[in-house]
$ cat final.cif   # mmCIF, C-alpha atoms
data_upload
#
loop_
_atom_site.group_PDB
_atom_site.id
_atom_site.type_symbol
_atom_site.label_atom_id
_atom_site.label_comp_id
_atom_site.auth_asym_id
_atom_site.auth_seq_id
_atom_site.Cartn_x
_atom_site.Cartn_y
_atom_site.Cartn_z
ATOM 1 C CA MET A 24 11.896 86.373 30.674
ATOM 2 C CA ALA A 25 11.908 82.580 30.854
ATOM 3 C CA ALA A 26 9.391 82.634 28.003
ATOM 4 C CA GLY A 27 11.636 84.819 25.850
ATOM 5 C CA ALA A 28 10.944 88.401 26.928
ATOM 6 C CA THR A 29 13.971 90.688 26.708
ATOM 7 C CA GLY A 30 14.104 93.738 28.902
ATOM 8 C CA ILE A 31 11.683 95.480 31.208
ATOM 9 C CA CYS A 32 10.551 99.043 31.815
ATOM 10 C CA VAL A 33 10.628 100.717 35.221
ATOM 11 C CA ALA A 34 9.224 104.102 36.188
ATOM 12 C CA THR A 35 11.314 105.092 39.218
ATOM 13 C CA VAL A 36 14.908 104.915 40.373
ATOM 14 C CA ALA A 37 13.920 102.638 43.266
ATOM 15 C CA GLU A 38 12.316 100.203 40.828
ATOM 16 C CA ALA A 39 15.448 100.172 38.671
ATOM 17 C CA GLU A 40 17.569 99.386 41.724
ATOM 18 C CA LEU A 41 15.186 96.644 42.870
ATOM 19 C CA PHE A 42 15.257 94.824 39.542
ATOM 20 C CA SER A 43 18.998 95.299 39.163
ATOM 21 C CA LYS A 44 19.657 93.765 42.591
ATOM 22 C CA ALA A 45 17.466 90.822 41.580
ATOM 23 C CA GLY A 46 19.793 90.148 38.650
ATOM 24 C CA ILE A 47 17.446 91.400 35.949
ATOM 25 C CA SER A 48 19.318 93.320 33.275
ATOM 26 C CA ASP A 49 18.311 95.284 30.163
ATOM 27 C CA LEU A 50 16.305 97.831 32.161
ATOM 28 C CA LEU A 51 14.815 101.050 30.810
ATOM 29 C CA LEU A 52 13.900 103.870 33.188
ATOM 30 C CA THR A 53 11.059 105.614 31.365
ATOM 31 C CA SER A 54 10.959 108.810 33.457
ATOM 32 C CA PRO A 55 13.391 111.689 32.821
ATOM 33 C CA LEU A 56 15.443 112.752 35.850
ATOM 34 C CA ALA A 57 16.799 116.136 36.940
ATOM 35 C CA ASP A 58 18.725 115.182 40.072
ATOM 36 C CA PRO A 59 22.433 114.271 39.702
ATOM 37 C CA THR A 60 22.265 112.050 42.802
ATOM 38 C CA LYS A 61 19.414 109.994 41.332
ATOM 39 C CA ILE A 62 21.144 109.931 37.965
ATOM 40 C CA ALA A 63 24.250 108.419 39.582
ATOM 41 C CA ARG A 64 22.040 105.715 41.129
ATOM 42 C CA VAL A 65 20.585 104.852 37.713
ATOM 43 C CA VAL A 66 24.066 104.573 36.244
ATOM 44 C CA ALA A 67 25.041 102.246 39.101
ATOM 45 C CA ALA A 68 21.949 100.122 38.458
ATOM 46 C CA GLY A 69 23.019 99.647 34.831
ATOM 47 C CA ALA A 70 19.714 100.811 33.380
ATOM 48 C CA MET A 71 19.082 102.681 30.161
ATOM 49 C CA ALA A 72 17.516 106.098 30.650
ATOM 50 C CA VAL A 73 15.555 108.748 28.784
ATOM 51 C CA VAL A 74 16.288 112.473 28.541
ATOM 52 C CA ASP A 75 14.379 115.439 27.145
ATOM 53 C CA HIS A 76 16.865 118.288 27.717
ATOM 54 C CA PRO A 77 20.585 118.868 26.952
ATOM 55 C CA GLN A 78 21.344 119.485 30.654
ATOM 56 C CA GLN A 79 20.310 115.935 31.446
ATOM 57 C CA VAL A 80 22.862 114.747 28.892
ATOM 58 C CA VAL A 81 25.545 116.662 30.825
ATOM 59 C CA TRP A 82 24.491 115.072 34.122
ATOM 60 C CA TYR A 83 24.431 111.536 32.697
ATOM 61 C CA GLN A 84 27.820 112.059 31.037
ATOM 62 C CA GLU A 85 29.311 113.204 34.340
ATOM 63 C CA ALA A 86 27.817 110.288 36.265
ATOM 64 C CA ALA A 87 28.810 107.675 33.674
ATOM 65 C CA SER A 88 32.325 109.106 33.435
ATOM 66 C CA ALA A 89 32.704 109.025 37.225
ATOM 67 C CA ALA A 90 31.571 105.391 37.223
ATOM 68 C CA ASN A 91 33.797 104.578 34.220
ATOM 69 C CA SER A 92 30.851 102.998 32.410
ATOM 70 C CA GLN A 93 28.939 103.408 29.165
ATOM 71 C CA MET A 94 25.330 104.551 29.515
ATOM 72 C CA ALA A 95 22.629 103.882 26.905
ATOM 73 C CA ILE A 96 20.301 106.859 26.436
ATOM 74 C CA LEU A 97 16.979 107.335 24.640
ATOM 75 C CA ILE A 98 15.330 110.636 23.807
ATOM 76 C CA ASP A 99 11.899 111.131 25.316
ATOM 77 C CA LEU A 100 9.477 112.768 22.863
ATOM 78 C CA ASP A 101 6.405 114.815 23.744
ATOM 79 C CA SER A 102 3.805 112.830 21.804
ATOM 80 C CA GLY A 103 0.928 115.121 22.786
ATOM 81 C CA ASP A 104 0.518 114.618 26.531
ATOM 82 C CA HIS A 105 2.801 117.583 27.370
ATOM 83 C CA ARG A 106 3.967 115.731 30.460
ATOM 84 C CA THR A 107 7.602 115.117 29.538
ATOM 85 C CA GLY A 108 9.536 114.925 26.308
ATOM 86 C CA ALA A 109 11.379 117.049 23.769
ATOM 87 C CA GLU A 110 8.931 119.595 22.386
ATOM 88 C CA ASN A 111 9.798 119.167 18.710
ATOM 89 C CA ILE A 112 12.023 117.259 16.288
ATOM 90 C CA ASP A 113 14.696 119.972 16.166
ATOM 91 C CA ASP A 114 15.083 119.838 19.952
ATOM 92 C CA ALA A 115 15.243 116.040 19.829
ATOM 93 C CA VAL A 116 18.015 116.151 17.225
ATOM 94 C CA GLU A 117 19.966 118.709 19.276
ATOM 95 C CA ILE A 118 19.802 116.395 22.288
ATOM 96 C CA ALA A 119 20.764 113.396 20.131
ATOM 97 C CA ILE A 120 23.862 115.190 18.824
ATOM 98 C CA ALA A 121 24.900 116.024 22.392
ATOM 99 C CA ILE A 122 24.513 112.366 23.371
ATOM 100 C CA ASP A 123 26.505 111.217 20.365
ATOM 101 C CA ARG A 124 29.363 113.576 21.273
ATOM 102 C CA ALA A 125 29.481 112.436 24.915
ATOM 103 C CA SER A 126 32.314 109.981 25.555
ATOM 104 C CA HIS A 127 30.410 107.785 28.026
ATOM 105 C CA LEU A 128 26.927 107.874 26.488
ATOM 106 C CA TRP A 129 25.408 105.716 23.757
ATOM 107 C CA LEU A 130 22.441 106.974 21.740
ATOM 108 C CA ARG A 131 19.976 104.075 21.367
ATOM 109 C CA GLY A 132 16.708 105.583 20.151
ATOM 110 C CA VAL A 133 13.496 107.352 21.100
ATOM 111 C CA GLN A 134 10.610 106.960 23.498
ATOM 112 C CA ALA A 135 7.100 107.926 22.346
ATOM 113 C CA TYR A 136 4.783 106.944 25.166
ATOM 114 C CA SER A 137 1.246 108.331 24.968
ATOM 115 C CA VAL A 138 -0.940 108.525 28.067
ATOM 116 C CA ALA A 139 -3.888 109.535 25.890
ATOM 117 C CA ALA A 140 -3.509 106.468 23.687
ATOM 118 C CA SER A 141 -3.407 104.291 26.772
ATOM 119 C CA HIS A 142 -6.696 105.500 28.262
ATOM 120 C CA GLU A 143 -8.730 107.197 25.513
ATOM 121 C CA ALA A 144 -12.290 105.804 25.761
ATOM 122 C CA ASP A 145 -13.043 105.801 22.018
ATOM 123 C CA GLU A 146 -11.192 102.964 20.303
ATOM 124 C CA ASP A 147 -10.750 104.735 16.961
ATOM 125 C CA THR A 148 -9.389 107.849 18.670
ATOM 126 C CA ARG A 149 -7.115 105.681 20.802
ATOM 127 C CA HIS A 150 -5.692 104.072 17.681
ATOM 128 C CA ARG A 151 -5.175 107.378 15.880
ATOM 129 C CA THR A 152 -3.455 108.823 18.958
ATOM 130 C CA SER A 153 -1.070 105.888 19.209
ATOM 131 C CA GLU A 154 -0.306 106.058 15.495
ATOM 132 C CA PHE A 155 0.452 109.780 15.836
ATOM 133 C CA ALA A 156 2.912 109.104 18.667
ATOM 134 C CA PHE A 157 4.848 106.514 16.694
ATOM 135 C CA ASP A 158 4.707 108.566 13.487
ATOM 136 C CA LEU A 159 6.460 111.286 15.488
ATOM 137 C CA ALA A 160 9.032 108.753 16.663
ATOM 138 C CA ALA A 161 9.662 107.583 13.101
ATOM 139 C CA GLU A 162 10.093 111.189 11.964
ATOM 140 C CA ALA A 163 12.553 111.857 14.780
ATOM 141 C CA ARG A 164 14.628 108.777 13.985
ATOM 142 C CA ALA A 165 14.660 109.642 10.278
ATOM 143 C CA GLU A 166 15.892 113.167 11.021
ATOM 144 C CA MET A 167 18.585 111.765 13.311
ATOM 145 C CA ALA A 168 19.677 109.409 10.555
ATOM 146 C CA ARG A 169 20.030 112.383 8.211
ATOM 147 C CA HIS A 170 22.492 113.785 10.730
ATOM 148 C CA GLY A 171 24.460 110.539 10.682
ATOM 149 C CA LEU A 172 23.090 109.317 14.018
ATOM 150 C CA HIS A 173 22.245 105.649 14.503
ATOM 151 C CA THR A 174 19.226 104.587 16.557
ATOM 152 C CA ASP A 175 17.734 101.131 16.958
ATOM 153 C CA ILE A 176 14.997 101.462 19.614
ATOM 154 C CA THR A 177 11.505 102.914 19.330
ATOM 155 C CA THR A 178 9.691 102.296 22.596
ATOM 156 C CA GLY A 179 6.227 103.170 23.880
ATOM 157 C CA GLY A 180 2.755 101.723 23.721
ATOM 158 C CA SER A 181 0.606 100.336 26.492
ATOM 159 C CA THR A 182 -1.983 97.778 27.566
ATOM 160 C CA GLY A 183 -4.692 100.099 26.253
ATOM 161 C CA SER A 184 -3.251 100.433 22.744
ATOM 162 C CA TRP A 185 -1.322 97.222 22.167
ATOM 163 C CA THR A 186 -3.551 95.974 19.345
ATOM 164 C CA VAL A 187 -2.621 98.916 17.131
ATOM 165 C CA ASP A 188 0.943 99.242 18.457
ATOM 166 C CA LEU A 189 1.784 95.755 17.199
ATOM 167 C CA THR A 190 0.816 96.744 13.640
ATOM 168 C CA ILE A 191 3.293 99.648 13.458
ATOM 169 C CA PRO A 192 6.566 98.460 11.843
ATOM 170 C CA GLU A 193 8.764 101.101 13.518
ATOM 171 C CA VAL A 194 7.907 99.910 17.048
ATOM 172 C CA THR A 195 10.643 97.746 18.541
ATOM 173 C CA GLU A 196 9.259 97.313 22.057
ATOM 174 C CA LEU A 197 6.026 97.839 23.973
ATOM 175 C CA GLN A 198 5.722 99.296 27.462
ATOM 176 C CA ALA A 199 2.555 97.352 28.253
ATOM 177 C CA GLY A 200 2.503 96.125 31.849
ATOM 178 C CA SER A 201 -0.962 96.420 33.374
ATOM 179 C CA TYR A 202 -2.209 93.456 31.317
ATOM 180 C CA ALA A 203 -0.474 91.144 33.804
ATOM 181 C CA LEU A 204 -2.787 92.224 36.640
ATOM 182 C CA MET A 205 -5.532 94.278 34.961
ATOM 183 C CA ASP A 206 -7.913 96.736 36.580
ATOM 184 C CA MET A 207 -11.324 98.275 36.052
ATOM 185 C CA ALA A 208 -10.004 101.145 33.922
ATOM 186 C CA TYR A 209 -8.576 98.843 31.261
ATOM 187 C CA GLN A 210 -11.504 96.454 31.470
ATOM 188 C CA LYS A 211 -13.846 99.368 30.759
ATOM 189 C CA LEU A 212 -11.798 100.006 27.593
ATOM 190 C CA GLY A 213 -12.417 96.419 26.536
ATOM 191 C CA ALA A 214 -8.833 95.208 26.940
ATOM 192 C CA GLU A 215 -8.993 91.464 26.390
ATOM 193 C CA PHE A 216 -6.998 90.249 29.378
ATOM 194 C CA ASP A 217 -8.300 88.473 32.459
ATOM 195 C CA ARG A 218 -8.147 90.193 35.820
ATOM 196 C CA ALA A 219 -5.541 88.664 38.145
ATOM 197 C CA LEU A 220 -5.578 91.303 40.892
ATOM 198 C CA SER A 221 -8.149 91.776 43.613
ATOM 199 C CA VAL A 222 -8.203 93.327 47.073
ATOM 200 C CA LEU A 223 -9.639 91.071 49.779
ATOM 201 C CA ALA A 224 -11.808 92.901 52.316
ATOM 202 C CA THR A 225 -13.794 91.708 55.335
ATOM 203 C CA VAL A 226 -17.301 92.695 56.385
ATOM 204 C CA ILE A 227 -16.735 94.321 59.782
ATOM 205 C CA SER A 228 -20.234 95.714 60.387
ATOM 206 C CA ALA A 229 -23.588 94.392 59.159
ATOM 207 C CA ASN A 230 -26.117 96.237 61.288
ATOM 208 C CA HIS A 231 -28.054 97.888 58.451
ATOM 209 C CA ASP A 232 -30.541 96.300 56.088
ATOM 210 C CA GLU A 233 -29.322 97.820 52.840
ATOM 211 C CA PHE A 234 -25.537 97.833 53.218
ATOM 212 C CA VAL A 235 -22.542 96.470 55.090
ATOM 213 C CA THR A 236 -19.214 98.051 56.003
ATOM 214 C CA VAL A 237 -15.909 96.542 54.862
ATOM 215 C CA ASP A 238 -12.373 97.247 56.084
ATOM 216 C CA ALA A 239 -11.060 98.658 52.800
ATOM 217 C CA GLY A 240 -11.129 102.384 52.057
ATOM 218 C CA PHE A 241 -8.760 105.020 50.707
ATOM 219 C CA LYS A 242 -5.753 103.148 52.134
ATOM 220 C CA ALA A 243 -6.633 99.996 50.206
ATOM 221 C CA PHE A 244 -7.550 101.242 46.714
ATOM 222 C CA SER A 245 -6.367 103.877 44.290
ATOM 223 C CA THR A 246 -8.674 106.891 44.164
ATOM 224 C CA ASP A 247 -7.543 108.482 40.891
ATOM 225 C CA ARG A 248 -10.359 107.101 38.747
ATOM 226 C CA PRO A 249 -13.929 108.477 38.534
ATOM 227 C CA PHE A 250 -15.373 105.129 39.612
ATOM 228 C CA PRO A 251 -15.005 103.144 42.855
ATOM 229 C CA PRO A 252 -13.833 99.536 43.341
ATOM 230 C CA ALA A 253 -16.247 96.825 42.261
ATOM 231 C CA PRO A 254 -17.109 93.604 44.124
ATOM 232 C CA VAL A 255 -16.499 90.395 42.213
ATOM 233 C CA GLY A 256 -17.937 86.936 42.698
ATOM 234 C CA THR A 257 -21.016 86.215 44.791
ATOM 235 C CA HIS A 258 -21.800 89.851 45.567
ATOM 236 C CA GLN A 259 -20.840 91.358 42.227
ATOM 237 C CA ASN A 260 -24.196 93.130 41.958
ATOM 238 C CA GLY A 261 -23.429 95.217 45.034
ATOM 239 C CA ARG A 262 -22.152 98.794 44.779
ATOM 240 C CA TYR A 263 -19.133 100.092 46.673
ATOM 241 C CA ARG A 264 -19.130 103.535 48.315
ATOM 242 C CA TRP A 265 -16.153 105.247 49.960
ATOM 243 C CA ALA A 266 -16.500 105.548 53.737
ATOM 244 C CA GLY A 267 -13.115 106.910 54.794
ATOM 245 C CA ASP A 268 -9.475 105.919 55.088
ATOM 246 C CA GLU A 269 -10.114 102.422 56.451
ATOM 247 C CA PHE A 270 -13.757 101.796 55.497
ATOM 248 C CA GLY A 271 -16.063 101.237 52.566
ATOM 249 C CA TYR A 272 -19.791 100.589 52.213
ATOM 250 C CA LEU A 273 -21.213 97.829 50.066
ATOM 251 C CA ASP A 274 -24.769 98.707 49.075
ATOM 252 C CA MET A 275 -26.808 95.609 48.251
ATOM 253 C CA GLY A 276 -30.035 97.281 47.130
ATOM 254 C CA GLY A 277 -32.290 94.652 48.670
ATOM 255 C CA LEU A 278 -30.180 91.714 47.463
ATOM 256 C CA SER A 279 -28.817 89.078 49.826
ATOM 257 C CA LYS A 280 -26.570 90.862 52.300
ATOM 258 C CA PRO A 281 -23.096 89.516 53.198
ATOM 259 C CA ARG A 282 -22.725 88.258 56.744
ATOM 260 C CA LEU A 283 -20.448 89.663 59.424
ATOM 261 C CA GLY A 284 -16.894 88.373 58.962
ATOM 262 C CA GLN A 285 -17.420 87.373 55.325
ATOM 263 C CA ARG A 286 -14.552 88.145 52.951
ATOM 264 C CA ILE A 287 -15.292 89.888 49.668
ATOM 265 C CA GLU A 288 -12.978 90.424 46.699
ATOM 266 C CA PHE A 289 -12.909 93.794 44.955
ATOM 267 C CA ALA A 290 -11.517 94.752 41.563
ATOM 268 C CA ALA A 291 -9.247 97.799 41.801
ATOM 269 C CA PRO A 292 -9.994 100.948 39.777
ATOM 270 C CA HIS A 293 -6.278 101.331 38.878
ATOM 271 C CA CYS A 294 -3.802 98.522 39.502
ATOM 272 C CA ASP A 295 -0.482 100.444 39.680
ATOM 273 C CA PRO A 296 -1.199 102.795 42.610
ATOM 274 C CA THR A 297 -3.346 100.155 44.314
ATOM 275 C CA VAL A 298 -0.414 97.732 44.457
ATOM 276 C CA ASN A 299 1.784 100.531 45.779
ATOM 277 C CA LEU A 300 -0.526 100.898 48.812
ATOM 278 C CA HIS A 301 0.274 97.363 49.960
ATOM 279 C CA ASP A 302 3.364 95.593 51.273
ATOM 280 C CA ARG A 303 2.717 92.161 49.810
ATOM 281 C CA ILE A 304 0.803 90.251 47.168
ATOM 282 C CA TYR A 305 -0.662 86.846 47.944
ATOM 283 C CA ALA A 306 -0.302 84.681 44.851
ATOM 284 C CA CYS A 307 -3.224 82.268 44.907
ATOM 285 C CA ARG A 308 -4.349 79.340 42.835
ATOM 286 C CA GLY A 309 -7.995 78.878 43.692
ATOM 287 C CA ASP A 310 -8.264 79.248 47.463
ATOM 288 C CA GLU A 311 -4.672 78.188 48.100
ATOM 289 C CA VAL A 312 -1.881 80.692 48.724
ATOM 290 C CA GLU A 313 1.121 79.438 46.730
ATOM 291 C CA GLU A 314 3.542 82.328 47.314
ATOM 292 C CA VAL A 315 3.787 85.694 49.057
ATOM 293 C CA TRP A 316 5.502 88.399 47.024
ATOM 294 C CA PRO A 317 6.935 91.545 48.655
ATOM 295 C CA VAL A 318 6.036 94.854 47.005
ATOM 296 C CA MET A 319 9.214 96.910 46.471
ATOM 297 C CA GLY A 320 11.076 94.721 48.948
ATOM 298 C CA ARG A 321 9.147 96.166 51.901
ATOM 299 C CA PHE A 322 9.146 92.923 53.828
ATOM 300 C CA GLN A 323 10.862 89.551 53.727
ATOM 301 C CA PRO A 324 8.404 86.639 53.350
#
$ encode --input "final.cif" --output "structure tokens"
Amino acid sequence: MAAGATGICVATVAEAELFSKAGISDLLLTSPLADPTKIARVVAAGAMAVVDHPQQVVWYQEAASAANSQMAILIDLDSGDHRTGAENIDDAVEIAIAIDRASHLWLRGVQAYSVAASHEADEDTRHRTSEFAFDLAAEARAEMARHGLHTDITTGGSTGSWTVDLTIPEVTELQAGSYALMDMAYQKLGAEFDRALSVLATVISANHDEFVTVDAGFKAFSTDRPFPPAPVGTHQNGRYRWAGDEFGYLDMGGLSKPRLGQRIEFAAPHCDPTVNLHDRIYACRGDEVEEVWPVMGRFQP
């Protein structure tokens, strides 16, 4: 933000509240909600929100009216993932009209986030998928305009598709975030950002010739990718194997074996859920810890 960024995306109500309490405004909650209690919390946090059903419009109107505030709303579009989003343009327009008629809601635009475009392995397919998502968004906004509805935001995109997203004129903001930390999944796609995140593990058993055991297992890394963590640095040619909740093996294949008590950095398969497994991030410059950052306010440094 100090460098000129305006606004930030959050995925959960708790994240919206955390950023709001920290004094960061212009928030967008990118996940639709279907719980009036959570919706009231989002209104109180002052975030924008997305909807994909007329009933959600009713709930946000009620919550915003009770809080005597104006709530900015975007329409979430199903851009092919079939996870959330209005199923078609007609449904999106129906929701937009309901928003426009609500006294305490403000129609701002559309969201066209594509999971497939974010993680598709083939670059050409990834680009075509992202273009399809934003073509759908442009079509939706054009149809809304024909109904006299004003929209000014088209949001979506990701770290995996940012190179094509930036070339699409209709896009007003990108939801790229993983680039700041990076992980193995995006590096395997060829995303051109340096890795800033690693998990530091310690060799706790070194009694076998071909491998050692480290104190980082399922509780330390995300497990939603088809590949395990990868050692970086001196022992980058080793191969990690899962060994349970608290343990992992590092196979060295005849290479120089780490010694007992040695610390080894590992790249995470997926940065988002890996960070969520921990209470704090140690911000280092070289070997020096400069700051300790709490994750979701779970501890006070």
$ resolve_selection --input "final.cif" --expression "the PyMOL selection byres ((chain A and resi 192) around 12)" --output "ChimeraX atom specification"
/A:154,157-158,160-161,176-178,187-191,193-196
$ atom_distance --input "final.cif" --atom1 "atom CA of A:Val226" --atom2 "atom CA of A:Asp274"
12.1 Å
$ resolve_selection --input "final.cif" --expression "the PyMOL selection byres ((chain A and resi 115-129) around 7)" --output "ChimeraX atom specification"
/A:76-77,80,84,87-88,92-96,98,109,111-114,130-131,167
$ residues_around --input "final.cif" --residues "stretch 199-211 of chain A" --least-positions-apart "3" --cutoff "7 Å" --atoms "all atoms listed in the file" --output "list of chain:residue names"
A:Gly180, A:Ser181, A:Thr182, A:Gly183, A:Ala214, A:Phe216, A:Asp217, A:Arg218, A:Ala219, A:Leu220, A:Ala290, A:Ala291, A:Pro292, A:His293, A:Cys294
$ closest_residue --input "final.cif" --among "A:Leu300, A:Ala57, A:Leu41, A:Leu100" --to "A:Thr246" --atoms "only C-alpha atoms"
A:Leu300
$ residues_around --input "final.cif" --residues "stretch 25-35 of chain A" --least-positions-apart "3" --cutoff "6 Å" --atoms "all atoms listed in the file" --output "VMD selection string"
chain A and resid 38 to 39 49 to 54
$ resolve_selection --input "final.cif" --expression "the PyMOL selection byres ((chain A and resi 228) around 10)" --output "PyMOL selection string"
chain A and resi 225-227+229-231+234-238+272+281-284
$ atom_distance --input "final.cif" --atom1 "atom CA of A:Pro317" --atom2 "atom CA of A:Ala239"
19.8 Å
$ atom_distance --input "final.cif" --atom1 "atom CA of A:Glu143" --atom2 "atom CA of A:Arg262"
24.9 Å
$ residues_around --input "final.cif" --residues "stretch 150-152 of chain A" --least-positions-apart "5" --cutoff "8 Å" --atoms "all atoms listed in the file" --output "list in words"
Ser137, Ala139, Ala140, Ser184 and Val187 of chain A
$ closest_residue --input "final.cif" --among "A:Ala70, A:Leu223, A:Val133, A:Val312" --to "A:Ala163" --atoms "all atoms listed in the file"
A:Val133
$ closest_residue --input "final.cif" --among "A:Met319, A:Ala306, A:Leu212, A:Ala224" --to "A:Glu146" --atoms "all atoms listed in the file"
A:Leu212
$ residues_near_point --input "final.cif" --point "(-3.1, 105.2, 44.2)" --cutoff "8 Å" --atoms "all atoms listed in the file" --output "VMD selection string"
chain A and resid 244 to 247 293 295 to 300
$ closest_residue --input "final.cif" --among "A:Gly271, A:Gly213, A:Gly276, A:Gly132" --to "A:Asp175" --atoms "all atoms listed in the file"
A:Gly132
